[in-house]
Structure formats: structure tokens, C-alpha cells
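Asker: Structure incoming, see below.
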Amino acid sequence: MKFFLILLYLNLLSFGAKAQTLRLNESKVLASHNSYKKCPDQKVIRFLSKFKKKLGPSNDPIQLDYGHKTLPEQFDNFNIRGIELDLYYDPIGGHYKKRKLNQFLFGLKQRVKDPKMSKPGFKVLHIADVDYETHYLTFEDALLELSAWSQKHPFHHPIYVNIEPKSVSPGNESKLLRRLGFKPCVPFNKDAFIRMEEEITRIFLRNNLFTPADLRGNYSTIRDRLNEVGWPTLQECLGKIIFILDGKTQLYKDATNTPLMFHYALPEDPEAAFIIMNDPIGNEEIIQQLTSTYIVRTRSDAGTIQSRKNDYSMFNAAQKSGAQIISTDYYAPDFRWSTFQIKR
């Protein structure tokens, strides 16, 4: 035991020394994709698979057949330091409390009884009415879980939180489905983003967050800051939560003058800090060039395909690219398909 404690102490000293000199964009993490998601009931997969030809190869239902551990399990057991949350706007409440696909499936309930689904706010799920199994019904639920874990581990590597505002559901895409009760999404507007930031600041103190203003500092733009002095050290960012918006960027910019969230951008954007390039295959050199200035997010797998084939080519390309955030569904293997597992 004494030897173990000495070894732990030396490792902590080593990490502390590295954190003091390592820049944030020089640190690499493993992230989970659709981090809230549970596996769908197999009745759902079998039912949807009957319509496989009509849905087309890009919408093959087998691509929905994956799920995740709870956030604390991901952080503690798999060293995940980036997560992704899909948000549906529900300003009145109750818009997403039914799961209309289940009207065709014996034994699966349509209505979610939890009263949280009837309250205004943001609901967390993958595809409304279809792929709805989630560890966290609401944005608030997920934030509270993240905050509780962060408080227990105050010197953790900063956690990247990818926020995707959802604007399309099956009810948006089909008149027939709308007649059957599948609801279109409530569109995001400026008020939605104001409410989103209010939820974040209600749960996290300002000094728990690392924001665009923190990175920009006294410089006119983030680009000026990065060109002049680069990113802050990892040490300066320990214990922080970093929100990154994936979509609806202009609407978000119009909603706030002092955004809490970064956004995925193109390099020519003077406020660019994070760049998303989900497919690393063939883009390794481009990503390598970008990482000298920006933090790049890419993926090691998608839609269960790599796991089913035990195919590491996408992950190998992601590793070669030097992307700082690699997102996966398989930090833990799914032995139904293979031993495919992504570690970093």
C-alpha cells in the first residue's frame, strides 16, 4: 500500500508538471458521441428494419443500435473527457412526452410518465418519436450529473460538451407520419438560446466555465489571441467545462453578445477556436495543419459500422491526423459484433 501511494504521488507530480507547460490544444482526449443515448429496444430495430429499403442505406436502422454508460461511468472508467448532447426545444412542455413509433409495437409504452417531460425546457434524445431511449430526459438532468462529477474531481482535465440543437424529426419530413401523430420539432429561436444559457448558468458558476471571452482575453478577436500567444496552458483550464455549439451558429450569435459557448467554425472565422472534421480518412494532413492553431474534433467510428467489421482504419486515420478530440461510440466494446474498442 505504501508503495502504491508513493507511485500515485509521483504520477500526480508528473501530471502537474506537464499541465503547467502543455497548451490546451496540445492535449488530446477521447470523447463519446451521443453520450446520453441508451440502446433502443430490439423491437424498435426489428420494426424499422422492415422498411430498410425505403429508408435508404444512409438511414439503415442498424446504425441506431448502440448505447452508452452514464456520464460518471464514462468519466471514471473510460477516461472520457468530451461528451455530446442533442437538444430538442420544448418551450411549453409536453411536446416530446409521447413515443409515437410504439403505437405499432406491442408491449412498448407510448407515453413517458415522468413529469419532467411535461415541463418546459430542453429534452435530450436522438430522434424524436423513434430513437428516444436516454439516460437524461432533460438538459438539466445531464448538466446536474456533469456538475456533480466535476465538483467531486475539481482538478479534472477540462470536459468538452458538444451541443447539437435538433431542428428535424420524422414529423418534419413526412405528412403521413404527422397524420399518425409524429410531431415536428419546435424550431430554435433566439429565446431558445437565451434559455439554454440560463440553464447552464443556473447550474455552473461562471468560474467553472471556459468561454470565448476567456480565450479572447484583451485581444480584439480569438484569432488575434491565438496568433499572438496561443492557447492557455492545460493547468489554467483544469476543472473547467467547455461548451461547443454544433449548428445554428448565426442564430446563437444574434441571441447574445457575450456567448458562453464556442462554436465549430471555419478557419477564416476570426472567432474560430474549434473545428469539426468528422471523417479523418483522407483529411489527415489538413487536420494536422489545423491543430497547430485550433482544436479539431473528429470521429473514429460511425453508425456501428466499424464495430460490426472490427475495422480500425477510421481510428488510425484520426490518430494520424493529430486531432485533439476523437469521438467514439465504442470506448467499451459491443461483443454482439466484435472486440472493437477505442482507447487513447
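Just remember, in the C-alpha cells the first chain shown is A, the second B, etc., residues are 1-based per chain, and ligands are 1-based in the order shown.
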Find the residues around Asp214 in chain A up to 12 Å (only C-alpha atoms counted), leave out those fewer than 6 positions away in its own chain, and share them as a PyMOL selection string.
Answerer: chain A and resi 206-208+221-222+225+231-232+236-237+240+242+258-262+273
Asker: Set the distance at 12 Å and use only C-alpha atoms: which residues neighbour Val44 in chain A once local chain neighbours fewer than 5 positions away are removed? I'd like the list as a list in words.
Answerer: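 In the requested format, the answer is Cys39, Ser49, Lys50, Phe51, Pro61, Ile62, Leu64, Asp65, Arg99, Lys100, Leu101, Asn102, Gln103, Phe104, Leu105, Phe106, Gly107, Leu108, Lys109, Asp129, Val130, Asp131, Tyr132 and Glu133 of chain A.
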Asker: Could you write those residues out with N, CA, C and O atoms, as a CSV table (one decimal), in the first residue's frame?
Answerer:
chain,number,residue,atom,x,y,z
A,39,CYS,N,-29.3,2.0,-25.7
A,39,CYS,CA,-29.7,1.2,-26.9
A,39,CYS,C,-31.2,1.1,-27.0
A,39,CYS,O,-31.9,1.0,-26.0
A,49,SER,N,-36.3,-2.1,-39.4
A,49,SER,CA,-35.6,-2.8,-40.5
A,49,SER,C,-36.5,-3.4,-41.6
A,49,SER,O,-36.0,-3.7,-42.7
A,50,LYS,N,-37.8,-3.5,-41.3
A,50,LYS,CA,-38.8,-3.9,-42.3
A,50,LYS,C,-38.9,-2.9,-43.4
A,50,LYS,O,-39.3,-3.2,-44.5
A,51,PHE,N,-38.5,-1.6,-43.1
A,51,PHE,CA,-38.6,-0.5,-44.1
A,51,PHE,C,-37.2,-0.1,-44.6
A,51,PHE,O,-37.1,1.0,-45.1
A,61,PRO,N,-31.5,1.3,-40.1
A,61,PRO,CA,-31.8,1.2,-38.7
A,61,PRO,C,-30.7,0.6,-37.8
A,61,PRO,O,-30.6,0.9,-36.6
A,62,ILE,N,-29.9,-0.3,-38.4
A,62,ILE,CA,-28.8,-0.9,-37.6
A,62,ILE,C,-27.9,0.2,-37.1
A,62,ILE,O,-27.2,0.0,-36.1
A,64,LEU,N,-28.6,2.7,-35.5
A,64,LEU,CA,-29.1,3.2,-34.2
A,64,LEU,C,-28.8,2.3,-33.1
A,64,LEU,O,-29.1,2.6,-31.9
A,65,ASP,N,-28.3,1.1,-33.4
A,65,ASP,CA,-28.2,0.0,-32.4
A,65,ASP,C,-27.0,0.1,-31.6
A,65,ASP,O,-26.1,-0.7,-31.6
A,99,ARG,N,-44.0,8.7,-27.5
A,99,ARG,CA,-43.1,8.0,-28.4
A,99,ARG,C,-44.0,7.2,-29.4
A,99,ARG,O,-44.3,6.1,-29.3
A,100,LYS,N,-44.3,8.0,-30.5
A,100,LYS,CA,-45.3,7.5,-31.4
A,100,LYS,C,-45.0,6.2,-32.1
A,100,LYS,O,-45.9,5.5,-32.5
A,101,LEU,N,-43.8,5.9,-32.3
A,101,LEU,CA,-43.4,4.7,-33.0
A,101,LEU,C,-44.0,3.5,-32.2
A,101,LEU,O,-44.4,2.4,-32.8
A,102,ASN,N,-44.1,3.6,-30.9
A,102,ASN,CA,-44.5,2.5,-30.1
A,102,ASN,C,-46.0,2.1,-30.3
A,102,ASN,O,-46.4,1.1,-29.8
A,103,GLN,N,-46.8,3.0,-31.0
A,103,GLN,CA,-48.2,2.6,-31.3
A,103,GLN,C,-48.2,1.4,-32.2
A,103,GLN,O,-49.3,0.7,-32.3
A,104,PHE,N,-47.1,1.1,-32.9
A,104,PHE,CA,-47.0,-0.1,-33.8
A,104,PHE,C,-46.4,-1.3,-33.1
A,104,PHE,O,-46.2,-2.3,-33.7
A,105,LEU,N,-45.9,-1.2,-31.9
A,105,LEU,CA,-45.1,-2.2,-31.2
A,105,LEU,C,-45.8,-2.7,-29.9
A,105,LEU,O,-46.0,-1.9,-29.0
A,106,PHE,N,-46.1,-3.9,-29.9
A,106,PHE,CA,-46.8,-4.5,-28.7
A,106,PHE,C,-45.8,-4.5,-27.5
A,106,PHE,O,-44.7,-4.9,-27.6
A,107,GLY,N,-46.3,-4.0,-26.4
A,107,GLY,CA,-45.5,-4.1,-25.2
A,107,GLY,C,-44.7,-2.9,-24.9
A,107,GLY,O,-44.1,-2.8,-23.8
A,108,LEU,N,-44.6,-1.9,-25.8
A,108,LEU,CA,-43.8,-0.7,-25.5
A,108,LEU,C,-44.8,0.5,-25.4
A,108,LEU,O,-45.6,0.7,-26.2
A,109,LYS,N,-44.6,1.2,-24.3
A,109,LYS,CA,-45.5,2.3,-24.0
A,109,LYS,C,-45.2,3.6,-24.8
A,109,LYS,O,-44.1,3.9,-25.1
A,129,ASP,N,-39.6,10.5,-31.3
A,129,ASP,CA,-40.6,9.5,-31.6
A,129,ASP,C,-40.1,8.2,-32.1
A,129,ASP,O,-40.8,7.2,-32.2
A,130,VAL,N,-38.7,8.1,-32.3
A,130,VAL,CA,-38.1,6.9,-32.9
A,130,VAL,C,-37.0,6.4,-32.1
A,130,VAL,O,-37.1,5.2,-31.6
A,131,ASP,N,-35.9,7.2,-31.9
A,131,ASP,CA,-34.8,6.7,-31.1
A,131,ASP,C,-34.7,7.6,-29.9
A,131,ASP,O,-34.0,8.6,-29.9
A,132,TYR,N,-35.4,7.2,-28.8
A,132,TYR,CA,-35.7,8.1,-27.7
A,132,TYR,C,-35.1,7.6,-26.4
A,132,TYR,O,-35.2,8.4,-25.4
A,133,GLU,N,-34.5,6.4,-26.3
A,133,GLU,CA,-34.0,5.9,-25.0
A,133,GLU,C,-32.8,6.8,-24.6
A,133,GLU,O,-31.8,6.9,-25.3
Asker: Please determine, counting only C-alpha atoms, which residue among A:Asn172, A:Lys309, A:Trp337, A:Lys38 has the shortest atom-to-atom distance to Tyr136 in chain A.
Answerer: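 Selected residue with least distance to Tyr136 in chain A: A:Lys38.
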Asker: Name all residues at most 9 Å from His126 in chain A (count only C-alpha atoms; drop same-chain ones fewer than 2 positions away) and give them as a list in words.
Answerer: Asn34, Tyr36, Lys37, Leu85, Asp86, Leu87, Val124, Ala128, Val130, Asp131, Tyr132, Glu133, Thr134 and Lys166 of chain A
Asker: Can I get the selected residues back with N, CA, C and O atoms, as a compact mmCIF listing (two decimals), in the first residue's frame?
Answerer:
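The new file selection_6.txt reads:
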# COMPACT_ATOMS: atom_id res chain seq x y z
N ASN A 34 -23.06 11.19 -28.96
CA ASN A 34 -24.43 11.00 -28.45
C ASN A 34 -24.38 10.34 -27.06
O ASN A 34 -24.97 9.28 -26.82
N TYR A 36 -25.54 10.55 -24.14
CA TYR A 36 -26.71 10.29 -23.30
C TYR A 36 -27.45 9.02 -23.69
O TYR A 36 -28.29 8.50 -22.95
N LYS A 37 -27.18 8.49 -24.87
CA LYS A 37 -28.04 7.53 -25.56
C LYS A 37 -28.00 6.13 -24.95
O LYS A 37 -26.93 5.62 -24.62
N LEU A 85 -24.45 16.21 -26.45
CA LEU A 85 -25.86 16.22 -26.07
C LEU A 85 -26.69 16.78 -27.22
O LEU A 85 -26.41 17.87 -27.73
N ASP A 86 -27.71 16.03 -27.64
CA ASP A 86 -28.66 16.51 -28.64
C ASP A 86 -29.85 17.12 -27.92
O ASP A 86 -30.48 16.46 -27.07
N LEU A 87 -30.18 18.36 -28.24
CA LEU A 87 -31.23 19.08 -27.52
C LEU A 87 -32.42 19.39 -28.43
O LEU A 87 -32.25 19.92 -29.54
N VAL A 124 -33.54 15.73 -24.09
CA VAL A 124 -32.33 15.11 -24.62
C VAL A 124 -32.69 13.75 -25.21
O VAL A 124 -33.06 12.83 -24.48
N ALA A 128 -36.66 12.18 -32.27
CA ALA A 128 -37.97 12.26 -31.65
C ALA A 128 -38.91 11.19 -32.20
O ALA A 128 -38.94 10.94 -33.41
N VAL A 130 -38.74 8.12 -32.34
CA VAL A 130 -38.14 6.91 -32.91
C VAL A 130 -37.00 6.36 -32.06
O VAL A 130 -37.05 5.24 -31.55
N ASP A 131 -35.94 7.15 -31.87
CA ASP A 131 -34.77 6.72 -31.09
C ASP A 131 -34.70 7.61 -29.86
O ASP A 131 -34.01 8.63 -29.85
N TYR A 132 -35.41 7.21 -28.82
CA TYR A 132 -35.70 8.10 -27.69
C TYR A 132 -35.11 7.64 -26.37
O TYR A 132 -35.22 8.35 -25.37
N GLU A 133 -34.52 6.45 -26.30
CA GLU A 133 -34.01 5.95 -25.02
C GLU A 133 -32.80 6.77 -24.58
O GLU A 133 -31.84 6.92 -25.34
N THR A 134 -32.86 7.31 -23.36
CA THR A 134 -31.83 8.23 -22.91
C THR A 134 -31.61 8.11 -21.41
O THR A 134 -32.55 7.83 -20.65
N LYS A 166 -31.34 20.29 -32.22
CA LYS A 166 -32.03 19.48 -33.24
C LYS A 166 -33.17 20.27 -33.87
O LYS A 166 -33.97 20.91 -33.16
Asker: Write out as a ChimeraX atom specification which residues come within 7 Å of range 26-29 of chain A when counting only C-alpha atoms, dropping same-chain ones fewer than 5 positions away.
Answerer: /A:81,324-326
Asker: With only C-alpha atoms as the counted atoms, please give the residues lying no more than 12 Å from Pro270 in chain A, apart from itself and same-chain residues fewer than 6 positions off, as JSON, numbers by chain.
Answerer: {"A": [212, 216, 219, 220, 221, 222, 223, 224, 225, 226, 227, 263, 294]}
Asker: Quick one: pull the distance between CA of Pro333 in chain A and CA of Met277 in chain A, Å, one decimal.
Answerer: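 Atom-to-atom, CA of Pro333 in chain A and CA of Met277 in chain A are spaced 23.9 Å apart.
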Asker: For Ile45 in chain A, which residue out of A:Asn310, A:Ser32, A:Asn59, A:Asn25 is the nearest one, using only C-alpha atoms?
Answerer: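 For Ile45 in chain A, the nearest of the candidates is A:Asn59.
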Asker: Tell me, in Å to one decimal, how far CA of Asn79 in chain A is from CA of Thr293 in chain A.
Answerer: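 The value is 24.8 Å.
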Asker: What lies within 12 Å of range 173-187 of chain A using only C-alpha atoms, ignoring chain neighbours under 3 positions off, as a PDB file with N, CA, C and O atoms, in the first residue's frame?
Answerer:
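File written: part_39.pdb
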ATOM      1  N   LEU A  87     -30.180  18.363 -28.239  1.00  0.00           N
ATOM      2  CA  LEU A  87     -31.234  19.079 -27.522  1.00  0.00           C
ATOM      3  C   LEU A  87     -32.421  19.394 -28.432  1.00  0.00           C
ATOM      4  O   LEU A  87     -32.249  19.920 -29.539  1.00  0.00           O
ATOM      5  N   TYR A  88     -33.605  19.072 -27.937  1.00  0.00           N
ATOM      6  CA  TYR A  88     -34.857  19.459 -28.579  1.00  0.00           C
ATOM      7  C   TYR A  88     -35.510  20.543 -27.727  1.00  0.00           C
ATOM      8  O   TYR A  88     -35.661  20.387 -26.513  1.00  0.00           O
ATOM      9  N   TYR A  89     -35.912  21.619 -28.376  1.00  0.00           N
ATOM     10  CA  TYR A  89     -36.510  22.754 -27.671  1.00  0.00           C
ATOM     11  C   TYR A  89     -37.981  22.458 -27.381  1.00  0.00           C
ATOM     12  O   TYR A  89     -38.737  22.049 -28.270  1.00  0.00           O
ATOM     13  N   ASP A  90     -38.374  22.671 -26.128  1.00  0.00           N
ATOM     14  CA  ASP A  90     -39.743  22.382 -25.691  1.00  0.00           C
ATOM     15  C   ASP A  90     -40.204  23.513 -24.769  1.00  0.00           C
ATOM     16  O   ASP A  90     -40.287  23.355 -23.554  1.00  0.00           O
ATOM     17  N   PRO A  91     -40.507  24.694 -25.339  1.00  0.00           N
ATOM     18  CA  PRO A  91     -40.769  25.881 -24.512  1.00  0.00           C
ATOM     19  C   PRO A  91     -42.033  25.808 -23.672  1.00  0.00           C
ATOM     20  O   PRO A  91     -42.126  26.471 -22.633  1.00  0.00           O
ATOM     21  N   ILE A  92     -43.019  25.036 -24.093  1.00  0.00           N
ATOM     22  CA  ILE A  92     -44.274  24.924 -23.346  1.00  0.00           C
ATOM     23  C   ILE A  92     -44.265  23.691 -22.450  1.00  0.00           C
ATOM     24  O   ILE A  92     -44.766  23.704 -21.331  1.00  0.00           O
ATOM     25  N   GLY A  93     -43.640  22.637 -22.936  1.00  0.00           N
ATOM     26  CA  GLY A  93     -43.611  21.377 -22.201  1.00  0.00           C
ATOM     27  C   GLY A  93     -44.559  20.356 -22.806  1.00  0.00           C
ATOM     28  O   GLY A  93     -45.612  20.714 -23.364  1.00  0.00           O
ATOM     29  N   GLY A  94     -44.183  19.090 -22.721  1.00  0.00           N
ATOM     30  CA  GLY A  94     -45.059  18.022 -23.182  1.00  0.00           C
ATOM     31  C   GLY A  94     -44.951  17.669 -24.648  1.00  0.00           C
ATOM     32  O   GLY A  94     -45.586  16.724 -25.112  1.00  0.00           O
ATOM     33  N   HIS A  95     -44.146  18.419 -25.416  1.00  0.00           N
ATOM     34  CA  HIS A  95     -44.094  18.200 -26.861  1.00  0.00           C
ATOM     35  C   HIS A  95     -43.496  16.837 -27.203  1.00  0.00           C
ATOM     36  O   HIS A  95     -43.851  16.247 -28.237  1.00  0.00           O
ATOM     37  N   TYR A  96     -42.601  16.327 -26.359  1.00  0.00           N
ATOM     38  CA  TYR A  96     -41.895  15.081 -26.679  1.00  0.00           C
ATOM     39  C   TYR A  96     -42.185  13.962 -25.674  1.00  0.00           C
ATOM     40  O   TYR A  96     -41.414  13.022 -25.557  1.00  0.00           O
ATOM     41  N   LYS A  97     -43.322  14.060 -24.980  1.00  0.00           N
ATOM     42  CA  LYS A  97     -43.589  13.064 -23.943  1.00  0.00           C
ATOM     43  C   LYS A  97     -44.185  11.768 -24.507  1.00  0.00           C
ATOM     44  O   LYS A  97     -44.320  10.783 -23.778  1.00  0.00           O
ATOM     45  N   LYS A  98     -44.533  11.764 -25.795  1.00  0.00           N
ATOM     46  CA  LYS A  98     -45.035  10.537 -26.426  1.00  0.00           C
ATOM     47  C   LYS A  98     -43.993   9.974 -27.394  1.00  0.00           C
ATOM     48  O   LYS A  98     -43.247  10.726 -28.009  1.00  0.00           O
ATOM     49  N   ARG A  99     -43.988   8.675 -27.507  1.00  0.00           N
ATOM     50  CA  ARG A  99     -43.083   7.969 -28.415  1.00  0.00           C
ATOM     51  C   ARG A  99     -43.955   7.246 -29.437  1.00  0.00           C
ATOM     52  O   ARG A  99     -44.336   6.081 -29.254  1.00  0.00           O
ATOM     53  N   LYS A 100     -44.281   7.966 -30.501  1.00  0.00           N
ATOM     54  CA  LYS A 100     -45.338   7.521 -31.397  1.00  0.00           C
ATOM     55  C   LYS A 100     -45.016   6.229 -32.140  1.00  0.00           C
ATOM     56  O   LYS A 100     -45.934   5.497 -32.534  1.00  0.00           O
ATOM     57  N   LEU A 101     -43.753   5.915 -32.329  1.00  0.00           N
ATOM     58  CA  LEU A 101     -43.426   4.653 -33.003  1.00  0.00           C
ATOM     59  C   LEU A 101     -43.999   3.463 -32.238  1.00  0.00           C
ATOM     60  O   LEU A 101     -44.364   2.438 -32.830  1.00  0.00           O
ATOM     61  N   ASN A 102     -44.122   3.606 -30.929  1.00  0.00           N
ATOM     62  CA  ASN A 102     -44.549   2.488 -30.100  1.00  0.00           C
ATOM     63  C   ASN A 102     -46.010   2.116 -30.286  1.00  0.00           C
ATOM     64  O   ASN A 102     -46.447   1.066 -29.810  1.00  0.00           O
ATOM     65  N   GLN A 103     -46.777   2.957 -31.005  1.00  0.00           N
ATOM     66  CA  GLN A 103     -48.165   2.579 -31.273  1.00  0.00           C
ATOM     67  C   GLN A 103     -48.226   1.368 -32.207  1.00  0.00           C
ATOM     68  O   GLN A 103     -49.262   0.700 -32.282  1.00  0.00           O
ATOM     69  N   PHE A 104     -47.099   1.071 -32.866  1.00  0.00           N
ATOM     70  CA  PHE A 104     -47.038  -0.090 -33.760  1.00  0.00           C
ATOM     71  C   PHE A 104     -46.372  -1.297 -33.104  1.00  0.00           C
ATOM     72  O   PHE A 104     -46.229  -2.343 -33.740  1.00  0.00           O
ATOM     73  N   GLN A 110     -46.305   4.235 -25.176  1.00  0.00           N
ATOM     74  CA  GLN A 110     -46.167   5.472 -25.947  1.00  0.00           C
ATOM     75  C   GLN A 110     -45.846   6.673 -25.060  1.00  0.00           C
ATOM     76  O   GLN A 110     -45.042   7.515 -25.427  1.00  0.00           O
ATOM     77  N   PRO A 120     -41.572  22.785 -19.316  1.00  0.00           N
ATOM     78  CA  PRO A 120     -40.795  23.486 -20.342  1.00  0.00           C
ATOM     79  C   PRO A 120     -39.302  23.243 -20.165  1.00  0.00           C
ATOM     80  O   PRO A 120     -38.817  22.994 -19.056  1.00  0.00           O
ATOM     81  N   GLY A 121     -38.571  23.325 -21.254  1.00  0.00           N
ATOM     82  CA  GLY A 121     -37.121  23.158 -21.194  1.00  0.00           C
ATOM     83  C   GLY A 121     -36.588  22.480 -22.432  1.00  0.00           C
ATOM     84  O   GLY A 121     -37.205  22.545 -23.511  1.00  0.00           O
ATOM     85  N   PHE A 122     -35.460  21.815 -22.289  1.00  0.00           N
ATOM     86  CA  PHE A 122     -34.820  21.125 -23.400  1.00  0.00           C
ATOM     87  C   PHE A 122     -34.795  19.634 -23.111  1.00  0.00           C
ATOM     88  O   PHE A 122     -34.349  19.207 -22.040  1.00  0.00           O
ATOM     89  N   LYS A 123     -35.265  18.849 -24.067  1.00  0.00           N
ATOM     90  CA  LYS A 123     -35.273  17.400 -23.918  1.00  0.00           C
ATOM     91  C   LYS A 123     -34.069  16.815 -24.654  1.00  0.00           C
ATOM     92  O   LYS A 123     -33.638  17.342 -25.690  1.00  0.00           O
ATOM     93  N   ILE A 127     -33.594  10.837 -31.839  1.00  0.00           N
ATOM     94  CA  ILE A 127     -34.574  11.109 -32.889  1.00  0.00           C
ATOM     95  C   ILE A 127     -35.957  11.061 -32.257  1.00  0.00           C
ATOM     96  O   ILE A 127     -36.386  10.019 -31.750  1.00  0.00           O
ATOM     97  N   ALA A 128     -36.656  12.182 -32.275  1.00  0.00           N
ATOM     98  CA  ALA A 128     -37.970  12.259 -31.646  1.00  0.00           C
ATOM     99  C   ALA A 128     -38.905  11.194 -32.196  1.00  0.00           C
ATOM    100  O   ALA A 128     -38.939  10.943 -33.411  1.00  0.00           O
ATOM    101  N   ASP A 129     -39.642  10.529 -31.307  1.00  0.00           N
ATOM    102  CA  ASP A 129     -40.639   9.503 -31.623  1.00  0.00           C
ATOM    103  C   ASP A 129     -40.051   8.172 -32.080  1.00  0.00           C
ATOM    104  O   ASP A 129     -40.769   7.193 -32.194  1.00  0.00           O
ATOM    105  N   VAL A 130     -38.736   8.118 -32.335  1.00  0.00           N
ATOM    106  CA  VAL A 130     -38.137   6.909 -32.912  1.00  0.00           C
ATOM    107  C   VAL A 130     -36.999   6.359 -32.055  1.00  0.00           C
ATOM    108  O   VAL A 130     -37.054   5.239 -31.553  1.00  0.00           O
ATOM    109  N   PRO A 165     -28.232  21.453 -31.399  1.00  0.00           N
ATOM    110  CA  PRO A 165     -29.655  21.793 -31.379  1.00  0.00           C
ATOM    111  C   PRO A 165     -30.373  21.091 -32.534  1.00  0.00           C
ATOM    112  O   PRO A 165     -30.027  21.291 -33.703  1.00  0.00           O
ATOM    113  N   LYS A 166     -31.344  20.287 -32.225  1.00  0.00           N
ATOM    114  CA  LYS A 166     -32.027  19.477 -33.243  1.00  0.00           C
ATOM    115  C   LYS A 166     -33.168  20.273 -33.871  1.00  0.00           C
ATOM    116  O   LYS A 166     -33.968  20.907 -33.162  1.00  0.00           O
ATOM    117  N   SER A 167     -33.234  20.226 -35.173  1.00  0.00           N
ATOM    118  CA  SER A 167     -34.245  21.012 -35.880  1.00  0.00           C
ATOM    119  C   SER A 167     -35.111  20.173 -36.802  1.00  0.00           C
ATOM    120  O   SER A 167     -36.036  20.692 -37.429  1.00  0.00           O
ATOM    121  N   VAL A 168     -34.832  18.868 -36.877  1.00  0.00           N
ATOM    122  CA  VAL A 168     -35.590  17.998 -37.780  1.00  0.00           C
ATOM    123  C   VAL A 168     -35.940  16.705 -37.055  1.00  0.00           C
ATOM    124  O   VAL A 168     -35.125  16.159 -36.311  1.00  0.00           O
ATOM    125  N   SER A 169     -37.152  16.228 -37.267  1.00  0.00           N
ATOM    126  CA  SER A 169     -37.590  14.937 -36.748  1.00  0.00           C
ATOM    127  C   SER A 169     -38.412  14.257 -37.837  1.00  0.00           C
ATOM    128  O   SER A 169     -38.740  14.884 -38.857  1.00  0.00           O
ATOM    129  N   PRO A 170     -38.743  12.981 -37.674  1.00  0.00           N
ATOM    130  CA  PRO A 170     -39.584  12.331 -38.695  1.00  0.00           C
ATOM    131  C   PRO A 170     -40.872  13.084 -38.973  1.00  0.00           C
ATOM    132  O   PRO A 170     -41.363  13.094 -40.106  1.00  0.00           O
ATOM    133  N   LYS A 190     -34.044  32.783 -30.993  1.00  0.00           N
ATOM    134  CA  LYS A 190     -33.138  33.481 -30.077  1.00  0.00           C
ATOM    135  C   LYS A 190     -33.487  33.182 -28.626  1.00  0.00           C
ATOM    136  O   LYS A 190     -32.609  32.986 -27.785  1.00  0.00           O
ATOM    137  N   ASP A 191     -34.775  33.135 -28.344  1.00  0.00           N
ATOM    138  CA  ASP A 191     -35.201  32.881 -26.974  1.00  0.00           C
ATOM    139  C   ASP A 191     -34.731  31.512 -26.498  1.00  0.00           C
ATOM    140  O   ASP A 191     -34.399  31.335 -25.320  1.00  0.00           O
ATOM    141  N   ALA A 192     -34.681  30.546 -27.404  1.00  0.00           N
ATOM    142  CA  ALA A 192     -34.215  29.206 -27.033  1.00  0.00           C
ATOM    143  C   ALA A 192     -32.777  29.259 -26.525  1.00  0.00           C
ATOM    144  O   ALA A 192     -32.442  28.629 -25.510  1.00  0.00           O
ATOM    145  N   PHE A 193     -31.926  30.008 -27.197  1.00  0.00           N
ATOM    146  CA  PHE A 193     -30.528  30.081 -26.779  1.00  0.00           C
ATOM    147  C   PHE A 193     -30.361  30.885 -25.494  1.00  0.00           C
ATOM    148  O   PHE A 193     -29.484  30.579 -24.680  1.00  0.00           O
ATOM    149  N   LYS A 248     -26.714  26.012 -35.872  1.00  0.00           N
ATOM    150  CA  LYS A 248     -27.480  27.219 -35.508  1.00  0.00           C
ATOM    151  C   LYS A 248     -26.570  28.342 -35.008  1.00  0.00           C
ATOM    152  O   LYS A 248     -26.958  29.146 -34.144  1.00  0.00           O
ATOM    153  N   LEU A 251     -27.786  32.106 -35.443  1.00  0.00           N
ATOM    154  CA  LEU A 251     -28.912  32.371 -34.549  1.00  0.00           C
ATOM    155  C   LEU A 251     -28.419  32.575 -33.125  1.00  0.00           C
ATOM    156  O   LEU A 251     -28.891  33.473 -32.409  1.00  0.00           O
TER     157      LEU A 251
END
Asker: In Å, how far is it from CA of Leu234 in chain A to CA of Gly322 in chain A?
Answerer: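 So the answer is 17.2 Å.
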